[in-house]
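Engineer: So that you have it, the file is my_file17.cif, and it contains mmCIF, C-alpha atoms and all ligand atoms:
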```
data_structure
loop_
_atom_site.group_PDB
_atom_site.id
_atom_site.type_symbol
_atom_site.label_atom_id
_atom_site.label_comp_id
_atom_site.auth_asym_id
_atom_site.auth_seq_id
_atom_site.Cartn_x
_atom_site.Cartn_y
_atom_site.Cartn_z
ATOM 1 C CA MET T 1 0.000 0.000 0.000
ATOM 2 C CA ALA T 2 1.656 3.176 -1.162
ATOM 3 C CA THR T 3 1.426 6.610 0.399
ATOM 4 C CA ILE T 4 0.763 9.848 -1.474
ATOM 5 C CA LYS T 5 4.436 10.734 -1.169
ATOM 6 C CA GLN T 6 5.584 7.377 -2.563
ATOM 7 C CA LEU T 7 3.068 7.452 -5.416
ATOM 8 C CA ILE T 8 4.352 10.854 -6.506
ATOM 9 C CA VAL T 9 7.984 9.739 -6.367
ATOM 10 C CA ASP T 10 7.213 6.560 -8.369
ATOM 11 C CA GLY T 11 5.045 8.392 -10.908
ATOM 12 C CA GLU T 12 7.673 11.077 -11.423
ATOM 13 C CA ALA T 13 10.381 8.437 -11.942
ATOM 14 C CA ALA T 14 8.264 6.541 -14.497
ATOM 15 C CA LEU T 15 7.533 9.716 -16.460
ATOM 16 C CA ALA T 16 11.102 11.017 -16.263
ATOM 17 C CA GLU T 17 12.326 7.741 -17.688
ATOM 18 C CA ASN T 18 9.706 6.963 -20.333
ATOM 19 C CA ALA T 19 7.694 10.027 -21.361
ATOM 20 C CA ASP T 20 9.009 11.844 -24.427
ATOM 21 C CA ASP T 21 8.570 15.164 -22.672
ATOM 22 C CA SER T 22 9.885 14.504 -19.172
ATOM 23 C CA SER T 23 10.482 18.166 -18.282
ATOM 24 C CA SER T 24 7.263 18.321 -16.300
ATOM 25 C CA ALA T 25 7.397 14.790 -14.813
ATOM 26 C CA ARG T 26 6.926 15.872 -11.194
ATOM 27 C CA LEU T 27 4.113 18.334 -11.934
ATOM 28 C CA ASP T 28 2.359 15.824 -14.227
ATOM 29 C CA ALA T 29 2.527 13.111 -11.545
ATOM 30 C CA GLU T 30 1.016 15.489 -8.974
ATOM 31 C CA ILE T 31 -1.777 16.621 -11.302
ATOM 32 C CA LEU T 32 -2.672 13.016 -12.179
ATOM 33 C CA LEU T 33 -2.612 11.876 -8.540
ATOM 34 C CA GLY T 34 -4.692 14.881 -7.513
ATOM 35 C CA PHE T 35 -7.211 13.926 -10.206
ATOM 36 C CA ALA T 36 -7.256 10.251 -9.122
ATOM 37 C CA VAL T 37 -7.912 11.110 -5.449
ATOM 38 C CA LYS T 38 -10.127 14.140 -6.272
ATOM 39 C CA GLN T 39 -7.964 16.545 -4.292
ATOM 40 C CA THR T 40 -5.841 19.632 -4.970
ATOM 41 C CA ARG T 41 -2.043 19.557 -5.195
ATOM 42 C CA THR T 42 -1.895 21.511 -1.921
ATOM 43 C CA TRP T 43 -3.864 18.705 -0.279
ATOM 44 C CA LEU T 44 -1.300 16.172 -1.552
ATOM 45 C CA TYR T 45 1.467 18.141 0.142
ATOM 46 C CA THR T 46 -0.511 18.394 3.370
ATOM 47 C CA TRP T 47 -1.182 14.634 3.575
ATOM 48 C CA PRO T 48 1.985 12.888 2.309
ATOM 49 C CA GLU T 49 1.377 9.807 4.486
ATOM 50 C CA HIS T 50 -2.233 9.278 3.394
ATOM 51 C CA ILE T 51 -2.883 5.981 1.607
ATOM 52 C CA PRO T 52 -5.340 6.321 -1.302
ATOM 53 C CA SER T 53 -7.915 3.570 -1.860
ATOM 54 C CA LEU T 54 -7.011 0.732 -4.227
ATOM 55 C CA PRO T 55 -9.285 1.927 -7.051
ATOM 56 C CA GLN T 56 -7.684 5.383 -6.733
ATOM 57 C CA GLN T 57 -4.200 3.886 -6.930
ATOM 58 C CA HIS T 58 -5.159 1.811 -9.978
ATOM 59 C CA LEU T 59 -6.613 4.837 -11.723
ATOM 60 C CA TYR T 60 -3.430 6.792 -11.002
ATOM 61 C CA LEU T 61 -1.191 4.036 -12.381
ATOM 62 C CA GLU T 62 -3.305 3.822 -15.514
ATOM 63 C CA LEU T 63 -3.086 7.591 -16.027
ATOM 64 C CA ILE T 64 0.686 7.522 -15.519
ATOM 65 C CA SER T 65 1.079 4.817 -18.156
ATOM 66 C CA ARG T 66 -1.129 6.714 -20.635
ATOM 67 C CA ARG T 67 0.971 9.804 -19.997
ATOM 68 C CA GLU T 68 4.141 7.762 -20.605
ATOM 69 C CA ASN T 69 2.574 6.961 -23.939
ATOM 70 C CA GLY T 70 2.309 10.682 -24.728
ATOM 71 C CA GLU T 71 -1.372 11.444 -24.049
ATOM 72 C CA PRO T 72 -1.814 15.126 -23.148
ATOM 73 C CA ILE T 73 -2.599 15.942 -19.508
ATOM 74 C CA ALA T 74 -5.660 17.987 -20.578
ATOM 75 C CA TYR T 75 -7.267 14.922 -22.192
ATOM 76 C CA LEU T 76 -6.340 12.660 -19.255
ATOM 77 C CA ILE T 77 -8.042 14.875 -16.699
ATOM 78 C CA GLY T 78 -10.609 16.382 -19.117
ATOM 79 C CA ARG T 79 -9.839 19.948 -18.061
ATOM 80 C CA ARG T 80 -7.743 22.947 -19.137
ATOM 81 C CA GLU T 81 -7.672 26.491 -17.894
ATOM 82 C CA PHE T 82 -7.963 29.330 -20.406
ATOM 83 C CA TRP T 83 -8.265 33.000 -19.489
ATOM 84 C CA GLY T 84 -8.762 31.922 -15.870
ATOM 85 C CA LEU T 85 -11.809 29.828 -16.828
ATOM 86 C CA GLU T 86 -11.813 26.090 -16.272
ATOM 87 C CA LEU T 87 -12.898 24.414 -19.511
ATOM 88 C CA ILE T 88 -14.009 20.829 -20.020
ATOM 89 C CA ILE T 89 -11.827 19.294 -22.742
ATOM 90 C CA ASN T 90 -12.023 16.091 -24.773
ATOM 91 C CA GLU T 91 -10.415 14.503 -27.849
ATOM 92 C CA ASN T 92 -12.853 16.254 -30.197
ATOM 93 C CA VAL T 93 -11.289 19.657 -29.614
ATOM 94 C CA LEU T 94 -7.918 21.339 -29.690
ATOM 95 C CA ILE T 95 -6.434 21.913 -26.239
ATOM 96 C CA PRO T 96 -6.571 25.695 -25.739
ATOM 97 C CA ARG T 97 -3.093 27.270 -25.641
ATOM 98 C CA PRO T 98 -1.961 30.221 -23.535
ATOM 99 C CA GLU T 99 -0.783 32.021 -26.734
ATOM 100 C CA THR T 100 -4.409 32.239 -27.845
ATOM 101 C CA GLU T 101 -5.137 34.595 -24.951
ATOM 102 C CA LEU T 102 -3.438 37.251 -27.117
ATOM 103 C CA LEU T 103 -6.472 37.143 -29.433
ATOM 104 C CA VAL T 104 -8.852 37.745 -26.537
ATOM 105 C CA GLU T 105 -6.671 40.545 -25.178
ATOM 106 C CA THR T 106 -6.414 42.233 -28.585
ATOM 107 C CA CYS T 107 -10.144 42.091 -29.162
ATOM 108 C CA LEU T 108 -10.879 43.595 -25.736
ATOM 109 C CA ALA T 109 -8.370 46.378 -26.446
ATOM 110 C CA LYS T 110 -9.617 47.221 -29.945
ATOM 111 C CA LEU T 111 -13.290 47.192 -28.933
ATOM 112 C CA ALA T 112 -12.653 48.772 -25.526
ATOM 113 C CA GLY T 113 -15.154 51.593 -25.972
ATOM 114 C CA LEU T 114 -18.072 49.428 -27.073
ATOM 115 C CA GLU T 115 -20.795 48.718 -24.506
ATOM 116 C CA SER T 116 -22.591 46.410 -26.894
ATOM 117 C CA ALA T 117 -20.853 44.685 -29.774
ATOM 118 C CA ARG T 118 -21.427 41.816 -32.153
ATOM 119 C CA VAL T 119 -18.484 39.452 -32.276
ATOM 120 C CA ALA T 120 -17.925 36.055 -33.926
ATOM 121 C CA ASP T 121 -15.429 33.299 -33.055
ATOM 122 C CA LEU T 122 -14.920 31.019 -36.063
ATOM 123 C CA GLY T 123 -13.878 27.419 -35.318
ATOM 124 C CA THR T 124 -14.564 27.734 -31.615
ATOM 125 C CA GLY T 125 -13.481 24.197 -30.597
ATOM 126 C CA SER T 126 -13.858 24.027 -26.804
ATOM 127 C CA GLY T 127 -15.377 27.533 -26.920
ATOM 128 C CA ALA T 128 -12.250 29.052 -25.348
ATOM 129 C CA ILE T 129 -12.140 32.383 -27.204
ATOM 130 C CA ALA T 130 -15.903 33.002 -27.325
ATOM 131 C CA LEU T 131 -16.360 32.125 -23.656
ATOM 132 C CA ALA T 132 -13.472 34.304 -22.493
ATOM 133 C CA LEU T 133 -15.063 37.250 -24.341
ATOM 134 C CA GLY T 134 -18.541 36.362 -23.086
ATOM 135 C CA TYR T 135 -17.211 36.242 -19.534
ATOM 136 C CA GLU T 136 -15.492 39.646 -19.835
ATOM 137 C CA LYS T 137 -18.305 41.346 -21.761
ATOM 138 C CA PRO T 138 -21.725 40.014 -20.725
ATOM 139 C CA MET T 139 -23.452 42.679 -22.852
ATOM 140 C CA TRP T 140 -21.774 41.650 -26.099
ATOM 141 C CA GLU T 141 -23.612 39.396 -28.505
ATOM 142 C CA ILE T 142 -21.231 36.569 -29.400
ATOM 143 C CA THR T 143 -21.612 33.918 -32.077
ATOM 144 C CA ALA T 144 -19.336 30.874 -32.012
ATOM 145 C CA THR T 145 -19.192 28.517 -34.966
ATOM 146 C CA ASP T 146 -17.630 25.151 -35.675
ATOM 147 C CA LYS T 147 -17.809 22.575 -38.430
ATOM 148 C CA SER T 148 -17.714 19.789 -35.826
ATOM 149 C CA ASN T 149 -20.940 19.070 -33.948
ATOM 150 C CA ASP T 150 -18.948 17.220 -31.289
ATOM 151 C CA ALA T 151 -16.940 20.372 -30.645
ATOM 152 C CA LEU T 152 -20.103 22.491 -30.465
ATOM 153 C CA ALA T 153 -21.683 20.085 -27.980
ATOM 154 C CA LEU T 154 -18.636 20.470 -25.735
ATOM 155 C CA ALA T 155 -18.484 24.253 -26.164
ATOM 156 C CA SER T 156 -22.174 24.568 -25.176
ATOM 157 C CA LYS T 157 -21.539 22.379 -22.155
ATOM 158 C CA ASN T 158 -18.703 24.723 -21.166
ATOM 159 C CA ALA T 159 -20.956 27.767 -21.575
ATOM 160 C CA GLU T 160 -23.546 26.170 -19.327
ATOM 161 C CA ALA T 161 -21.031 25.066 -16.694
ATOM 162 C CA LEU T 162 -19.561 28.578 -16.555
ATOM 163 C CA GLY T 163 -22.966 30.288 -16.582
ATOM 164 C CA ILE T 164 -22.101 32.321 -19.686
ATOM 165 C CA ALA T 165 -25.345 33.133 -21.469
ATOM 166 C CA ASN T 166 -24.407 35.570 -24.256
ATOM 167 C CA VAL T 167 -22.724 33.111 -26.623
ATOM 168 C CA ARG T 168 -24.740 31.233 -29.245
ATOM 169 C CA PHE T 169 -23.282 28.190 -31.014
ATOM 170 C CA LEU T 170 -23.855 27.473 -34.710
ATOM 171 C CA ASN T 171 -22.721 24.598 -36.889
ATOM 172 C CA GLY T 172 -21.002 25.174 -40.216
ATOM 173 C CA ASP T 173 -17.881 25.980 -42.132
ATOM 174 C CA TRP T 174 -16.121 29.276 -41.263
ATOM 175 C CA THR T 175 -18.364 32.255 -42.074
ATOM 176 C CA THR T 176 -21.282 30.213 -43.491
ATOM 177 C CA PRO T 177 -23.399 30.033 -40.306
ATOM 178 C CA VAL T 178 -22.918 33.752 -39.596
ATOM 179 C CA SER T 179 -23.843 34.739 -43.145
ATOM 180 C CA LYS T 180 -27.079 32.731 -42.855
ATOM 181 C CA LEU T 181 -28.319 34.568 -39.768
ATOM 182 C CA GLN T 182 -31.667 36.316 -40.219
ATOM 183 C CA GLU T 183 -30.516 39.610 -38.741
ATOM 184 C CA LYS T 184 -28.125 41.160 -41.210
ATOM 185 C CA ASN T 185 -26.221 43.076 -38.563
ATOM 186 C CA ALA T 186 -22.548 43.166 -39.403
ATOM 187 C CA CYS T 187 -19.932 42.211 -36.814
ATOM 188 C CA HIS T 188 -17.656 44.617 -34.971
ATOM 189 C CA ALA T 189 -14.996 41.924 -34.768
ATOM 190 C CA ILE T 190 -14.402 38.399 -35.991
ATOM 191 C CA LEU T 191 -11.750 36.222 -34.346
ATOM 192 C CA GLY T 192 -10.364 32.799 -35.031
ATOM 193 C CA ASN T 193 -7.595 30.377 -34.312
ATOM 194 C CA PRO T 194 -7.942 28.302 -37.495
ATOM 195 C CA PRO T 195 -5.868 25.251 -38.416
ATOM 196 C CA TYR T 196 -2.600 26.568 -39.828
ATOM 197 C CA ILE T 197 -0.077 23.718 -39.723
ATOM 198 C CA ASP T 198 1.117 22.298 -43.036
ATOM 199 C CA GLU T 199 0.022 18.676 -43.507
ATOM 200 C CA ASN T 200 3.655 17.539 -43.852
ATOM 201 C CA ASP T 201 5.025 19.445 -40.868
ATOM 202 C CA PRO T 202 7.196 17.042 -38.802
ATOM 203 C CA HIS T 203 5.951 18.702 -35.588
ATOM 204 C CA LEU T 204 2.685 16.793 -36.113
ATOM 205 C CA GLN T 205 4.543 13.635 -35.017
ATOM 206 C CA GLN T 206 5.620 15.161 -31.699
ATOM 207 C CA GLY T 207 3.979 15.901 -28.351
ATOM 208 C CA ASP T 208 0.335 16.742 -27.687
ATOM 209 C CA VAL T 209 -0.673 17.405 -31.317
ATOM 210 C CA ARG T 210 -0.417 13.664 -32.104
ATOM 211 C CA PHE T 211 -3.595 13.231 -30.050
ATOM 212 C CA GLU T 212 -5.497 16.317 -31.223
ATOM 213 C CA PRO T 213 -8.100 16.344 -34.047
ATOM 214 C CA GLU T 214 -6.519 16.836 -37.457
ATOM 215 C CA LEU T 215 -9.442 19.067 -38.438
ATOM 216 C CA ALA T 216 -8.281 21.561 -35.799
ATOM 217 C CA LEU T 217 -4.615 21.483 -36.792
ATOM 218 C CA THR T 218 -3.817 21.212 -40.477
ATOM 219 C CA SER T 219 -4.622 23.204 -43.568
ATOM 220 C CA ALA T 220 -3.567 22.938 -47.224
ATOM 221 C CA GLU T 221 -1.298 25.422 -49.066
ATOM 222 C CA ASN T 222 1.442 25.421 -46.420
ATOM 223 C CA GLY T 223 -1.164 25.834 -43.720
ATOM 224 C CA LEU T 224 -2.642 28.994 -45.233
ATOM 225 C CA ALA T 225 -5.712 27.705 -47.124
ATOM 226 C CA ASP T 226 -8.254 28.254 -44.335
ATOM 227 C CA ILE T 227 -6.768 31.605 -43.316
ATOM 228 C CA ARG T 228 -7.141 32.744 -46.942
ATOM 229 C CA VAL T 229 -10.817 31.731 -47.096
ATOM 230 C CA ILE T 230 -11.596 33.428 -43.791
ATOM 231 C CA ILE T 231 -9.888 36.714 -44.718
ATOM 232 C CA HIS T 232 -11.773 36.777 -48.007
ATOM 233 C CA ASP T 233 -15.194 35.794 -46.678
ATOM 234 C CA CYS T 234 -15.189 38.025 -43.598
ATOM 235 C CA VAL T 235 -15.220 41.206 -45.690
ATOM 236 C CA SER T 236 -18.989 41.005 -46.218
ATOM 237 C CA LEU T 237 -19.706 40.170 -42.558
ATOM 238 C CA LEU T 238 -17.762 42.977 -40.921
ATOM 239 C CA GLU T 239 -19.014 46.513 -40.649
ATOM 240 C CA THR T 240 -16.889 49.478 -41.721
ATOM 241 C CA GLY T 241 -14.139 49.809 -39.130
ATOM 242 C CA GLY T 242 -14.698 46.201 -37.975
ATOM 243 C CA TRP T 243 -11.681 44.032 -37.133
ATOM 244 C CA LEU T 244 -10.632 40.583 -38.251
ATOM 245 C CA MET T 245 -8.106 38.981 -35.881
ATOM 246 C CA LEU T 246 -6.480 35.652 -36.687
ATOM 247 C CA GLU T 247 -3.967 33.488 -34.920
ATOM 248 C CA HIS T 248 -1.309 31.798 -37.077
ATOM 249 C CA GLY T 249 2.054 30.046 -36.962
ATOM 250 C CA TYR T 250 5.161 31.891 -35.804
ATOM 251 C CA GLN T 251 6.616 31.846 -39.325
ATOM 252 C CA GLN T 252 3.446 32.949 -41.113
ATOM 253 C CA GLY T 253 3.256 36.638 -40.108
ATOM 254 C CA GLU T 254 4.469 38.053 -43.381
ATOM 255 C CA GLN T 255 2.353 35.779 -45.570
ATOM 256 C CA VAL T 256 -0.789 36.451 -43.535
ATOM 257 C CA ARG T 257 -0.195 40.219 -43.709
ATOM 258 C CA GLN T 258 0.070 39.868 -47.470
ATOM 259 C CA ILE T 259 -3.269 38.065 -47.705
ATOM 260 C CA PHE T 260 -4.874 40.780 -45.554
ATOM 261 C CA THR T 261 -3.438 43.584 -47.655
ATOM 262 C CA THR T 262 -6.191 43.998 -50.233
ATOM 263 C CA LYS T 263 -8.503 46.848 -51.113
ATOM 264 C CA ASP T 264 -10.754 45.833 -48.198
ATOM 265 C CA TYR T 265 -8.467 45.805 -45.154
ATOM 266 C CA GLY T 266 -6.281 48.521 -43.661
ATOM 267 C CA GLU T 267 -4.308 48.905 -40.407
ATOM 268 C CA VAL T 268 -2.840 45.434 -40.980
ATOM 269 C CA GLU T 269 -0.473 44.494 -38.180
ATOM 270 C CA THR T 270 1.127 41.375 -36.692
ATOM 271 C CA LEU T 271 1.325 41.040 -32.909
ATOM 272 C CA LYS T 272 3.796 38.961 -30.937
ATOM 273 C CA ASP T 273 2.980 36.498 -28.167
ATOM 274 C CA LEU T 274 4.734 36.368 -24.788
ATOM 275 C CA SER T 275 7.576 34.310 -26.242
ATOM 276 C CA GLY T 276 8.226 37.104 -28.764
ATOM 277 C CA ASN T 277 6.881 35.116 -31.750
ATOM 278 C CA ASP T 278 4.569 36.456 -34.460
ATOM 279 C CA ARG T 279 1.217 35.019 -33.421
ATOM 280 C CA VAL T 280 -1.788 37.160 -34.366
ATOM 281 C CA THR T 281 -2.419 39.335 -37.418
ATOM 282 C CA ILE T 282 -5.230 41.875 -37.479
ATOM 283 C CA GLY T 283 -6.797 44.020 -40.153
ATOM 284 C CA ARG T 284 -9.583 46.598 -40.234
ATOM 285 C CA ILE T 285 -12.310 46.931 -42.834
ATOM 286 C CA LYS T 286 -11.962 50.152 -44.787
ATOM 287 C CA ASN T 287 -14.893 52.343 -45.726
ATOM 288 C CA LYS T 288 -17.300 50.322 -47.822
ATOM 289 C CA GLU T 289 -18.774 52.244 -50.736
HETATM 290 N N1 LIG T 301 -10.733 28.318 -30.979
HETATM 291 C C1 LIG T 301 -10.245 27.176 -30.305
HETATM 292 C C2 LIG T 301 -8.977 27.501 -29.541
HETATM 293 O O1 LIG T 301 -8.336 28.488 -29.796
HETATM 294 C C3 LIG T 301 -10.020 26.005 -31.268
HETATM 295 C C4 LIG T 301 -9.002 26.306 -32.339
HETATM 296 C C5 LIG T 301 -8.796 25.143 -33.291
HETATM 297 O O2 LIG T 301 -9.362 24.066 -33.126
HETATM 298 N N2 LIG T 301 -7.959 25.343 -34.279
HETATM 299 O O3 LIG T 301 -8.573 26.791 -28.668
#
```
Just give me the structure of the file as structure tokens.
Structural biologist:
Amino acid sequence: MATIKQLIVDGEAALAENADDSSSARLDAEILLGFAVKQTRTWLYTWPEHIPSLPQQHLYLELISRRENGEPIAYLIGRREFWGLELIINENVLIPRPETELLVETCLAKLAGLESARVADLGTGSGAIALALGYEKPMWEITATDKSNDALALASKNAEALGIANVRFLNGDWTTPVSKLQEKNACHAILGNPPYIDENDPHLQQGDVRFEPELALTSAENGLADIRVIIHDCVSLLETGGWLMLEHGYQQGEQVRQIFTTKDYGEVETLKDLSGNDRVTIGRIKNKE
């Protein structure tokens, strides 16, 4: 019968030896044990001599071996924090990344003066972006779309669990569901973190992405095909002065700026994430004749 302390030491050793990313072995072991015994990490430190029940120990060992096999922590525990909100996560959606918070931040900054605004999040996945905005701006009217019904089911569940009521979820490809809405009110901002990895990128064979849905990750034309469609199709959905804000790969800044730079968009700019990498490009709809 192993104690909390022993289980952590053993779990850490197994992960340090066998997981392909062992840099977080200790933290991962603590998170998985906390999940198995339904307690916080602080609790684990307070009760090092406690002996978890056998089913709890078995669950923990199973989680450790799945982690050794590379499964992302967020899928193992079914949770991930984004913008301070705890989201339910499963294999049907991309695991929200901290870099994506830059999109939320930029939108809040650009629309700072607007009491009420219409905003769309295209390819919402877990609902991360739309729900962060809905949480910050309860008066905004937010539409979140996704091509995957499984993703939308999860995103709605997240909205309900967080008590966020101003986000509606629609099924369809990119702008299609928004363009079909009865009310023809144009958006003040459209955001998205579309798939932007090239199908042959070797990074797809490494780390968490191996377990994430391909639909959420890859795009044709060196990863730019979906970004191109979105930039083109959003013109008719944005009002004059409205913003389109898209996340992209760290090497795609220049190409994305080029796609934005048409007769329709001005104020095109690429913003860097906390690691100093190009991450988000924005553009603003010019006066429409
Ligand atoms: N919008 C979601 C997120 O940023 C999903 C993005 C995606 O699946 N490409 O996490």
Engineer: Since I can't run it myself right now, could you work out what the PyMOL selection byres (((chain T and resi 116) around 8) and not hetatm) selects here and report it as number ranges by chain?
Structural biologist: T: 114-115, 117-118, 139-141
Engineer: Tell me which protein, DNA and RNA residues are within 8 Å of Glu199 of chain T, counting all atoms listed in the file, leaving out same-chain ones fewer than 5 positions away, and put them as a short mmCIF file (atom, residue, chain, number, x, y, z; two decimals) with C-alpha atoms, in the frame of the given file.
Structural biologist:
```cif
data_model
loop_
_atom_site.label_atom_id
_atom_site.label_comp_id
_atom_site.auth_asym_id
_atom_site.auth_seq_id
_atom_site.Cartn_x
_atom_site.Cartn_y
_atom_site.Cartn_z
CA THR T 218 -3.82 21.21 -40.48
CA SER T 219 -4.62 23.20 -43.57
CA ALA T 220 -3.57 22.94 -47.22
CA ASN T 222 1.44 25.42 -46.42
CA GLY T 223 -1.16 25.83 -43.72
#
```
Engineer: Calculate how many Å separate atom CA of Glu71 of chain T from atom O3 of ligand LIG 301 (chain T), rounding to one decimal.
Structural biologist: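 According to the coordinates, atom CA of Glu71 of chain T and atom O3 of ligand LIG 301 (chain T) are separated by 17.6 Å.
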Engineer: Return as a count of residues only every polymer residue, whether protein, DNA or RNA, with at least one atom no more than 8 Å from an atom of ligand LIG 301 (chain T); count all atoms listed in the file.
Structural biologist: 25
Engineer: Calculate how many Å separate atom CA of Thr3 of chain T from atom CA of Gly34 of chain T, rounding to one decimal.
Structural biologist: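 Between atom CA of Thr3 of chain T and atom CA of Gly34 of chain T the gap is 13.0 Å.
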Engineer: Within 9 Å of segment 261-275 of chain T, which residues of segment 79-150 of chain T show up? Give each one with its shortest atom-to-atom distance in Å (one decimal) and the two atoms involved, counting only C-alpha atoms, rows by chain then rising residue number, as CSV.
Structural biologist:
```
residue,atom,partner,partner_atom,distance
T:Glu99,CA,T:Asp273,CA,6.0
T:Thr100,CA,T:Asp273,CA,8.5
T:Glu101,CA,T:Asp273,CA,8.9
T:Leu102,CA,T:Asp273,CA,6.5
T:Thr106,CA,T:Leu271,CA,8.9
```
Engineer: Kindly export the residues of the current selection with C-alpha atoms, as a PDB file, in the coordinates of the input.
Structural biologist:
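This is the output file out29.pdb:
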```pdb
ATOM      1  CA  GLU T  99      -0.783  32.021 -26.734  1.00  0.00           C
ATOM      2  CA  THR T 100      -4.409  32.239 -27.845  1.00  0.00           C
ATOM      3  CA  GLU T 101      -5.137  34.595 -24.951  1.00  0.00           C
ATOM      4  CA  LEU T 102      -3.438  37.251 -27.117  1.00  0.00           C
ATOM      5  CA  THR T 106      -6.414  42.233 -28.585  1.00  0.00           C
TER       6      THR T 106
END
```
